[in-house]
Structures are given as structure tokens and as C-alpha cells.
file work_6.tsv (TSV, C-alpha atoms)
chain	number	residue	atom	x	y	z
A	18	MET	CA	0.00	0.00	0.00
A	19	LEU	CA	1.14	3.53	-0.71
A	20	LEU	CA	0.42	6.96	0.75
A	21	ILE	CA	0.10	9.70	-1.85
A	22	ARG	CA	0.75	13.22	-0.58
A	23	ALA	CA	-0.21	15.66	-3.31
A	24	ILE	CA	0.56	19.33	-2.67
A	25	VAL	CA	-1.57	21.42	-5.00
A	26	ARG	CA	-2.85	24.95	-5.43
A	27	PRO	CA	-5.71	25.55	-2.95
A	28	GLU	CA	-8.02	26.69	-5.75
A	29	LYS	CA	-7.51	23.33	-7.47
A	30	LYS	CA	-8.50	21.35	-4.36
A	31	ASP	CA	-12.22	20.95	-5.07
A	32	GLU	CA	-11.61	20.05	-8.70
A	33	LEU	CA	-9.03	17.46	-7.65
A	34	LEU	CA	-11.33	15.90	-5.05
A	35	ALA	CA	-14.14	15.63	-7.60
A	36	ALA	CA	-11.76	14.06	-10.13
A	37	LEU	CA	-10.52	11.60	-7.49
A	38	THR	CA	-14.10	10.54	-6.73
A	39	THR	CA	-14.83	9.85	-10.39
A	40	ALA	CA	-11.57	7.94	-10.71
A	41	GLY	CA	-12.59	5.68	-7.82
A	42	PHE	CA	-10.67	7.24	-4.91
A	43	PRO	CA	-13.46	8.55	-2.64
A	44	ALA	CA	-11.38	8.60	0.56
A	45	ALA	CA	-9.01	11.50	1.18
A	46	THR	CA	-7.62	13.74	3.90
A	47	VAL	CA	-6.96	17.42	3.23
A	48	VAL	CA	-4.54	19.66	5.16
A	49	ASP	CA	-4.01	23.38	4.59
A	50	VAL	CA	-0.27	23.95	4.46
A	51	VAL	CA	2.17	26.69	3.55
A	52	GLY	CA	5.43	26.17	1.74
A	53	ARG	CA	7.84	27.22	-0.93
A	54	GLY	CA	9.51	25.45	-3.82
A	55	LYS	CA	12.73	25.50	-5.79
A	56	GLN	CA	12.05	29.12	-6.83
A	57	LYS	CA	12.56	30.20	-3.17
A	58	GLY	CA	9.09	31.67	-2.98
A	59	ILE	CA	7.72	34.66	-4.85
A	60	ARG	CA	9.93	37.75	-5.00
A	61	MET	CA	8.43	41.17	-5.72
A	62	GLY	CA	11.14	43.79	-5.46
A	63	ASP	CA	12.31	43.68	-1.85
A	64	LEU	CA	9.31	41.64	-0.72
A	65	VAL	CA	9.67	37.86	-0.50
A	66	TYR	CA	6.67	35.60	-0.04
A	67	ASP	CA	8.05	32.24	0.98
A	68	GLU	CA	5.05	30.86	2.84
A	69	ILE	CA	2.72	30.27	-0.07
A	70	PRO	CA	-0.59	28.60	0.84
A	71	LYS	CA	-1.18	25.15	-0.66
A	72	ALA	CA	-3.53	22.25	-0.03
A	73	MET	CA	-2.05	18.84	0.80
A	74	VAL	CA	-4.26	15.90	-0.18
A	75	LEU	CA	-3.46	12.54	1.43
A	76	VAL	CA	-4.78	9.35	-0.18
A	77	ALA	CA	-3.98	5.76	0.75
A	78	ILE	CA	-4.00	3.40	-2.25
A	79	HIS	CA	-3.02	-0.09	-3.37
A	80	ASP	CA	0.37	-0.34	-5.13
A	81	GLU	CA	-1.09	-1.00	-8.57
A	82	GLU	CA	-3.25	2.16	-8.51
A	83	LYS	CA	-0.26	4.50	-8.30
A	84	ASP	CA	0.09	5.37	-11.98
A	85	ARG	CA	-3.64	6.03	-12.29
A	86	ILE	CA	-3.86	8.42	-9.32
A	87	VAL	CA	-0.67	10.26	-10.30
A	88	ASP	CA	-2.19	10.71	-13.75
A	89	VAL	CA	-5.43	12.12	-12.25
A	90	VAL	CA	-3.53	14.61	-10.06
A	91	MET	CA	-1.24	15.65	-12.93
A	92	LYS	CA	-4.20	16.26	-15.25
A	93	THR	CA	-6.30	18.29	-12.78
A	94	ALA	CA	-3.68	20.19	-10.76
A	95	ARG	CA	-1.57	21.41	-13.66
A	96	THR	CA	-2.30	24.96	-14.84
A	97	GLY	CA	-1.73	26.27	-18.35
A	98	GLU	CA	-0.57	24.24	-21.35
A	99	SER	CA	2.64	22.80	-19.93
A	100	GLY	CA	2.33	23.60	-16.22
A	101	THR	CA	3.46	26.58	-14.17
A	102	PHE	CA	5.82	27.05	-11.22
A	103	GLY	CA	3.80	26.50	-8.05
A	104	ASP	CA	1.53	23.78	-9.39
A	105	GLY	CA	2.80	21.49	-6.65
A	106	LYS	CA	4.37	18.10	-6.04
A	107	ILE	CA	3.35	14.52	-5.46
A	108	PHE	CA	5.14	12.41	-2.85
A	109	VAL	CA	4.65	8.63	-2.71
A	110	SER	CA	5.64	6.73	0.45
A	111	PRO	CA	5.12	3.09	1.42
A	112	ILE	CA	2.54	2.22	4.08
A	113	GLU	CA	3.21	-0.94	6.07
A	114	ASP	CA	-0.21	-1.23	7.66
A	115	VAL	CA	-3.66	0.34	7.47
A	116	TYR	CA	-6.39	-0.03	10.10
A	117	THR	CA	-9.96	1.17	9.68
A	118	ILE	CA	-11.16	2.31	13.07
A	119	SER	CA	-14.93	1.86	12.64
A	120	ARG	CA	-14.54	-1.66	11.24
A	121	GLY	CA	-11.77	-2.43	13.71
A	122	GLY	CA	-9.94	-4.39	11.03
A	123	ARG	CA	-6.85	-4.29	8.91
A	124	GLY	CA	-6.60	-3.16	5.30
A	125	LEU	CA	-7.88	-0.36	3.09
B	14	MET	CA	11.12	2.99	13.64
B	15	LYS	CA	7.59	3.62	12.47
B	16	GLU	CA	5.43	6.67	11.90
B	17	ILE	CA	1.81	6.17	12.91
B	18	MET	CA	-0.62	8.57	11.25
B	19	ALA	CA	-4.11	8.39	12.73
B	20	VAL	CA	-7.12	10.36	11.50
B	21	VAL	CA	-9.70	10.56	14.31
B	22	ARG	CA	-12.96	12.36	15.04
B	23	MET	CA	-12.56	15.83	16.56
B	24	ASN	CA	-14.57	14.91	19.66
B	25	ARG	CA	-12.38	11.85	20.23
B	26	THR	CA	-9.18	13.92	20.44
B	27	GLY	CA	-9.23	14.01	24.25
B	28	ALA	CA	-9.90	10.28	24.55
B	29	THR	CA	-7.13	9.53	22.06
B	30	LYS	CA	-4.62	11.69	23.94
B	31	LYS	CA	-5.50	9.94	27.19
B	32	ALA	CA	-5.22	6.51	25.56
B	33	LEU	CA	-1.80	7.41	24.13
B	34	ILE	CA	-0.52	8.41	27.57
B	35	GLU	CA	-1.89	5.17	29.03
B	36	ALA	CA	-0.05	3.29	26.28
B	37	GLY	CA	3.17	4.98	27.36
B	38	VAL	CA	3.38	7.46	24.49
B	39	ALA	CA	3.57	11.05	25.63
B	40	GLY	CA	4.79	12.76	22.46
B	41	PHE	CA	2.72	13.36	19.37
B	42	THR	CA	1.98	15.99	16.75
B	43	ALA	CA	-1.64	16.84	15.92
B	44	VAL	CA	-3.03	18.80	12.98
B	45	ARG	CA	-6.55	19.94	12.05
B	46	VAL	CA	-7.45	18.30	8.77
B	47	LEU	CA	-10.49	17.74	6.58
B	48	GLY	CA	-11.30	14.27	5.37
B	49	ARG	CA	-13.72	11.91	3.73
B	50	GLY	CA	-13.88	8.14	3.63
B	51	ARG	CA	-15.48	5.40	1.62
B	52	PRO	CA	-19.05	6.53	0.80
B	53	LEU	CA	-22.10	4.64	2.08
B	54	GLU	CA	-23.31	2.12	-0.47
B	55	ASP	CA	-26.40	0.44	1.00
B	56	PRO	CA	-29.41	2.50	-0.25
B	57	ALA	CA	-31.56	1.39	2.71
B	58	VAL	CA	-29.00	2.74	5.20
B	59	ILE	CA	-28.67	5.99	3.23
B	60	GLN	CA	-32.47	6.45	3.24
B	61	GLU	CA	-32.66	5.87	6.98
B	62	HIS	CA	-29.87	8.35	7.79
B	63	LYS	CA	-31.31	10.87	5.36
B	64	LYS	CA	-34.65	10.71	7.14
B	65	GLN	CA	-32.96	11.19	10.52
B	66	LEU	CA	-30.87	14.14	9.30
B	67	LEU	CA	-33.88	15.81	7.62
B	68	ALA	CA	-35.87	15.53	10.83
B	69	MET	CA	-33.01	17.12	12.75
B	70	ALA	CA	-32.67	19.93	10.21
B	71	ALA	CA	-36.34	20.90	10.09
B	72	ASP	CA	-36.95	24.63	10.63
B	73	ASP	CA	-39.13	27.36	9.10
B	74	VAL	CA	-36.34	29.64	7.97
B	75	THR	CA	-34.23	27.53	5.61
B	76	ASP	CA	-35.49	26.67	2.17
B	77	PRO	CA	-36.37	22.93	2.20
B	78	GLU	CA	-34.54	22.41	-1.09
B	79	THR	CA	-31.30	23.82	0.39
B	80	THR	CA	-31.70	21.60	3.43
B	81	GLU	CA	-32.23	18.58	1.20
B	82	GLN	CA	-29.11	19.45	-0.81
B	83	GLN	CA	-27.02	19.78	2.33
B	84	VAL	CA	-28.29	16.52	3.78
B	85	THR	CA	-27.58	14.73	0.51
B	86	SER	CA	-24.05	16.12	0.45
B	87	PHE	CA	-23.51	14.63	3.91
B	88	LEU	CA	-24.24	11.15	2.62
B	89	ASP	CA	-22.97	10.96	-0.97
B	90	GLY	CA	-19.29	11.12	-0.02
B	91	THR	CA	-18.46	14.51	-1.55
B	92	ARG	CA	-18.35	16.50	1.67
B	93	LEU	CA	-15.20	16.91	3.78
B	94	PHE	CA	-15.53	16.56	7.55
B	95	PRO	CA	-13.18	18.06	10.17
B	96	ARG	CA	-10.81	15.53	11.70
B	97	ARG	CA	-7.68	15.50	13.83
B	98	LEU	CA	-4.54	13.93	12.36
B	99	PHE	CA	-2.18	12.50	15.00
B	100	THR	CA	1.41	11.72	14.05
B	101	VAL	CA	3.26	9.46	16.50
B	102	LEU	CA	6.79	8.13	16.13
B	103	ALA	CA	7.26	4.69	17.65
B	104	HIS	CA	9.67	1.79	18.07
B	105	ASP	CA	8.71	-1.21	15.94
B	106	GLU	CA	7.60	-3.37	18.87
B	107	ASP	CA	5.28	-0.66	20.28
B	108	VAL	CA	3.24	-0.24	17.09
B	109	PRO	CA	0.52	-2.89	17.79
B	110	ARG	CA	-0.01	-1.48	21.30
B	111	ILE	CA	-0.38	2.09	20.04
B	112	VAL	CA	-2.69	1.07	17.20
B	113	GLU	CA	-4.86	-0.80	19.67
B	114	ALA	CA	-4.95	2.21	22.02
B	115	ILE	CA	-6.01	4.60	19.25
B	116	THR	CA	-8.60	2.17	17.87
B	117	GLY	CA	-10.08	1.65	21.33
B	118	ALA	CA	-10.28	5.35	22.08
B	119	SER	CA	-11.65	6.61	18.79
B	120	SER	CA	-14.16	4.03	17.63
B	121	THR	CA	-17.76	5.00	18.28
B	122	GLY	CA	-19.18	1.68	17.15
B	123	ASP	CA	-22.33	3.12	15.64
B	124	TRP	CA	-21.46	4.32	12.18
B	125	VAL	CA	-18.72	4.66	9.57
B	126	ASP	CA	-16.38	7.68	9.48
B	127	ASP	CA	-14.34	6.81	12.57
B	128	GLY	CA	-11.11	7.41	10.68
B	129	ALA	CA	-8.08	5.36	9.70
B	130	ILE	CA	-4.59	4.57	10.93
B	131	PHE	CA	-1.58	4.40	8.59
B	132	VAL	CA	1.73	2.88	9.66
B	133	LEU	CA	4.73	4.11	7.64
B	134	PRO	CA	8.41	3.16	7.88
B	135	VAL	CA	10.83	5.88	9.06
B	136	VAL	CA	14.43	5.86	7.85
B	137	ASP	CA	15.88	8.10	10.56
B	138	ALA	CA	14.91	10.49	13.35
B	139	ILE	CA	17.06	13.14	15.01
B	140	ARG	CA	16.48	14.92	18.32
B	141	VAL	CA	17.31	18.58	17.78
B	142	ARG	CA	18.26	19.29	21.41
B	143	THR	CA	20.98	16.62	21.72
B	144	GLY	CA	21.68	15.64	18.14
B	145	GLU	CA	21.19	11.93	18.90
B	146	SER	CA	19.69	9.96	16.03
B	147	GLY	CA	17.97	6.66	15.34
B	148	GLU	CA	15.95	4.75	17.94
B	149	ALA	CA	17.32	6.94	20.77
B	150	ALA	CA	15.67	10.03	19.32
B	151	ILE	CA	12.11	8.74	19.57
B	152	TRP	CA	11.65	8.83	23.36
call {"tool": "encode", "arguments": {"input": "work_6.tsv", "output": "C-alpha cells"}}
result
Amino acid sequence: MLLIRAIVRPEKKDELLAALTTAGFPAATVVDVVGRGKQKGIRMGDLVYDEIPKAMVLVAIHDEEKDRIVDVVMKTARTGESGTFGDGKIFVSPIEDVYTISRGGRGL
Amino acid sequence: MKEIMAVVRMNRTGATKKALIEAGVAGFTAVRVLGRGRPLEDPAVIQEHKKQLLAMAADDVTDPETTEQQVTSFLDGTRLFPRRLFTVLAHDEDVPRIVEAITGASSTGDWVDDGAIFVLPVVDAIRVRTGESGEAAIW
């Protein structure tokens, strides 16, 4: 099992969640985060904005669904023709175990 | 070393904290998050809950259509609900105990939506104060 952490523009969050539902990933956790990327934030003259608001979407998936979910996030979260700085990142980490609390059992 | 990420109901935060202390885990990080789970599938159950929610929402001020829309959005899996995300670092052998403690404290037993626990491997941990790393840095 894998944990997908997708950091996307906050205004793309709703669109992404809708796209995830249609693609068969109804479960998700959303955190409001701030961060900066390789561009060291946004610089406007002397002003530097390096705590840019983003939305982090966490989804737990089976290994074989990885390519599909990455594709969904790429398609919905990218802005413009070929993407723009600040569109975000996707991190994939392994999960060793998942427990569903209401069911009291193991597994997704 | 393992990282335990647990999404629990907001009103179970206190119980979860207490359970963690009883399990011998004092340190954790908690974040406010929004989440949704697997949607309800059984139409009979959905109908029953919809009826309950509509009865609770009845008032003279709100437009019935708006109420109906809101109630539907509660049950069709599109709405995000507030949850608390606990992150706990643990030694390998403590993981089952901690998972059991969180499950016991945060399950309500009456419905879905009680949250989930993810266990992830951690490569290294470093305590900032002393600079010690690995297992010694956890607690």
C-alpha cells in the first residue's frame, strides 16, 4: 500500500477531489499547508513571499493504482498548457499497515 | 522505527490523547485536517440516515430544497468533515499497542467515518536538542 501526498494549489483542491471521486478514490484527507519550492518563494522587489498557501491531499491506495492516481492529479492540478511554477508536487511513500477504526480491522 | 498517522474524530481527540498516555506514548503531533472516507453504499442505510438528518434539520427559515441538498451532500461522499490527524513516532515493537490504544479510544461503534490509521516506515529520526539519532531520538 502507498500513501500519496499531493501538494496542490488551494483553488484546485475541489476540482481534484471531484476528479478523485470519479476515478474511484473517494477517501481522502486534506490539510491546509504553507510552503515554498525550488524558486525560493515569490519575490516582488524587496518583498519575498516564501510561505505560499497550498492544499495537501493525502490518499492511501493499493500499489497498482499508483500510476492512475498520479495521472489524475497531474491532469487536474496542472495549470496552463505545460504547467506553471507553483503547481505542486506529489510524494509517494510506502505504508506498512492500514487499520480502519470503525470496522476495527486491517486493510484499506 | 515507524510513523503512525491516525485520522480521528474531533470529539475523540481528548480520549485519544489519554489513551496514548496510558499506552506509554507522551509525544505526538496533531493537525486539524479535513477528510472523507469510503461513501455509504447500502441505499436502505442511506435512506434511513437521510430521514434522521432531515428531521433534525427541520426549521421554518431555511429553504427545504437547500436543506435537502445539504443533507444529501452529507451522505454521498463529496463533503469533507473536520478531523484531527495524529502523528506518532514509535519503536517497531510498540506499534501494535499504540494502534490498539487509538482504535479503542476513537471508535464510536455506531457508524462509519471513525477514521483510519496508517503505519509508515521511518528511515531516521534526530532529536534537535541533543543531536542523537535513530531509535534513541524517539523517546
call {"tool": "residues_around", "arguments": {"input": "work_6.tsv", "residues": "Thr39 (chain A)", "least_positions_apart": "4", "cutoff": "12 Å", "atoms": "all atoms listed in the file", "output": "list in words"}}
result
Glu32, Leu33, Leu34, Ala35, Pro43, Ala44, Arg85, Ile86 and Val89 of chain A; Gly90 and Thr91 of chain B
call {"tool": "residues_around", "arguments": {"input": "work_6.tsv", "residues": "Lys29 (chain A)", "least_positions_apart": "5", "cutoff": "9 Å", "atoms": "all atoms listed in the file", "output": "count of residues only"}}
result
5
call {"tool": "closest_atom_pairs", "arguments": {"input": "work_6.tsv", "of": "chain B", "to": "chain A", "cutoff": "6 Å", "atoms": "all atoms listed in the file", "output": "Markdown table"}}
result
| residue | atom | partner | partner_atom | distance |
| --- | --- | --- | --- | --- |
| B:Val46 | CA | A:Val48 | CA | 4.8 |
| B:Leu47 | CA | A:Val47 | CA | 4.9 |
| B:Gly48 | CA | A:Thr46 | CA | 4.0 |
| B:Arg49 | CA | A:Ala44 | CA | 5.1 |
| B:Gly50 | CA | A:Ala44 | CA | 4.0 |
| B:Arg51 | CA | A:Ala44 | CA | 5.3 |
| B:Thr116 | CA | A:Ile118 | CA | 5.4 |
| B:Ser120 | CA | A:Ser119 | CA | 5.5 |
| B:Val125 | CA | A:Ser119 | CA | 5.6 |
| B:Asp127 | CA | A:Ser119 | CA | 5.0 |
| B:Gly128 | CA | A:Ile118 | CA | 5.6 |
| B:Ala129 | CA | A:Thr117 | CA | 4.6 |
| B:Ile130 | CA | A:Tyr116 | CA | 5.0 |
| B:Phe131 | CA | A:Val115 | CA | 4.7 |
| B:Val132 | CA | A:Asp114 | CA | 5.0 |
| B:Leu133 | CA | A:Ile112 | CA | 4.6 |
call {"tool": "atom_distance", "arguments": {"input": "work_6.tsv", "atom1": "CA of Asp84 (chain A)", "atom2": "CA of Lys15 (chain B)"}}
result
25.6 Å
call {"tool": "atom_distance", "arguments": {"input": "work_6.tsv", "atom1": "CA of Val44 (chain B)", "atom2": "CA of Ala19 (chain B)"}}
result
10.5 Å
call {"tool": "atom_distance", "arguments": {"input": "work_6.tsv", "atom1": "CA of Ile24 (chain A)", "atom2": "CA of Leu64 (chain A)"}}
result
24.0 Å
call {"tool": "residues_around", "arguments": {"input": "work_6.tsv", "residues": "Lys106 (chain A)", "least_positions_apart": "3", "cutoff": "12 Å", "atoms": "all atoms listed in the file", "output": "list in words"}}
result
Ile21, Arg22, Ala23, Ile24, Val25, Arg26, Gly52, Arg53, Gly54, Lys55, Lys71, Ala72, Met73, Val74, Val87, Val90, Met91, Ala94, Arg95, Gly100, Thr101, Phe102, Gly103 and Val109 of chain A
call {"tool": "residues_around", "arguments": {"input": "work_6.tsv", "residues": "region 27-33 of chain B", "least_positions_apart": "6", "cutoff": "12 Å", "atoms": "only C-alpha atoms", "output": "ChimeraX atom specification"}}
result
/B:17,19-21,39-43,97-103,107-108,110-121
call {"tool": "residues_near_point", "arguments": {"input": "work_6.tsv", "point": "(2.2, 28.7, 4.4)", "cutoff": "6 Å", "atoms": "all atoms listed in the file", "output": "list in words"}}
result
Val50, Val51, Gly52, Glu68, Ile69 and Pro70 of chain A
call {"tool": "closest_residue", "arguments": {"input": "work_6.tsv", "among": "B:Glu106, B:Met14, B:Leu88, B:Ala138", "to": "Asp55 (chain B)", "atoms": "all atoms listed in the file"}}
result
B:Leu88
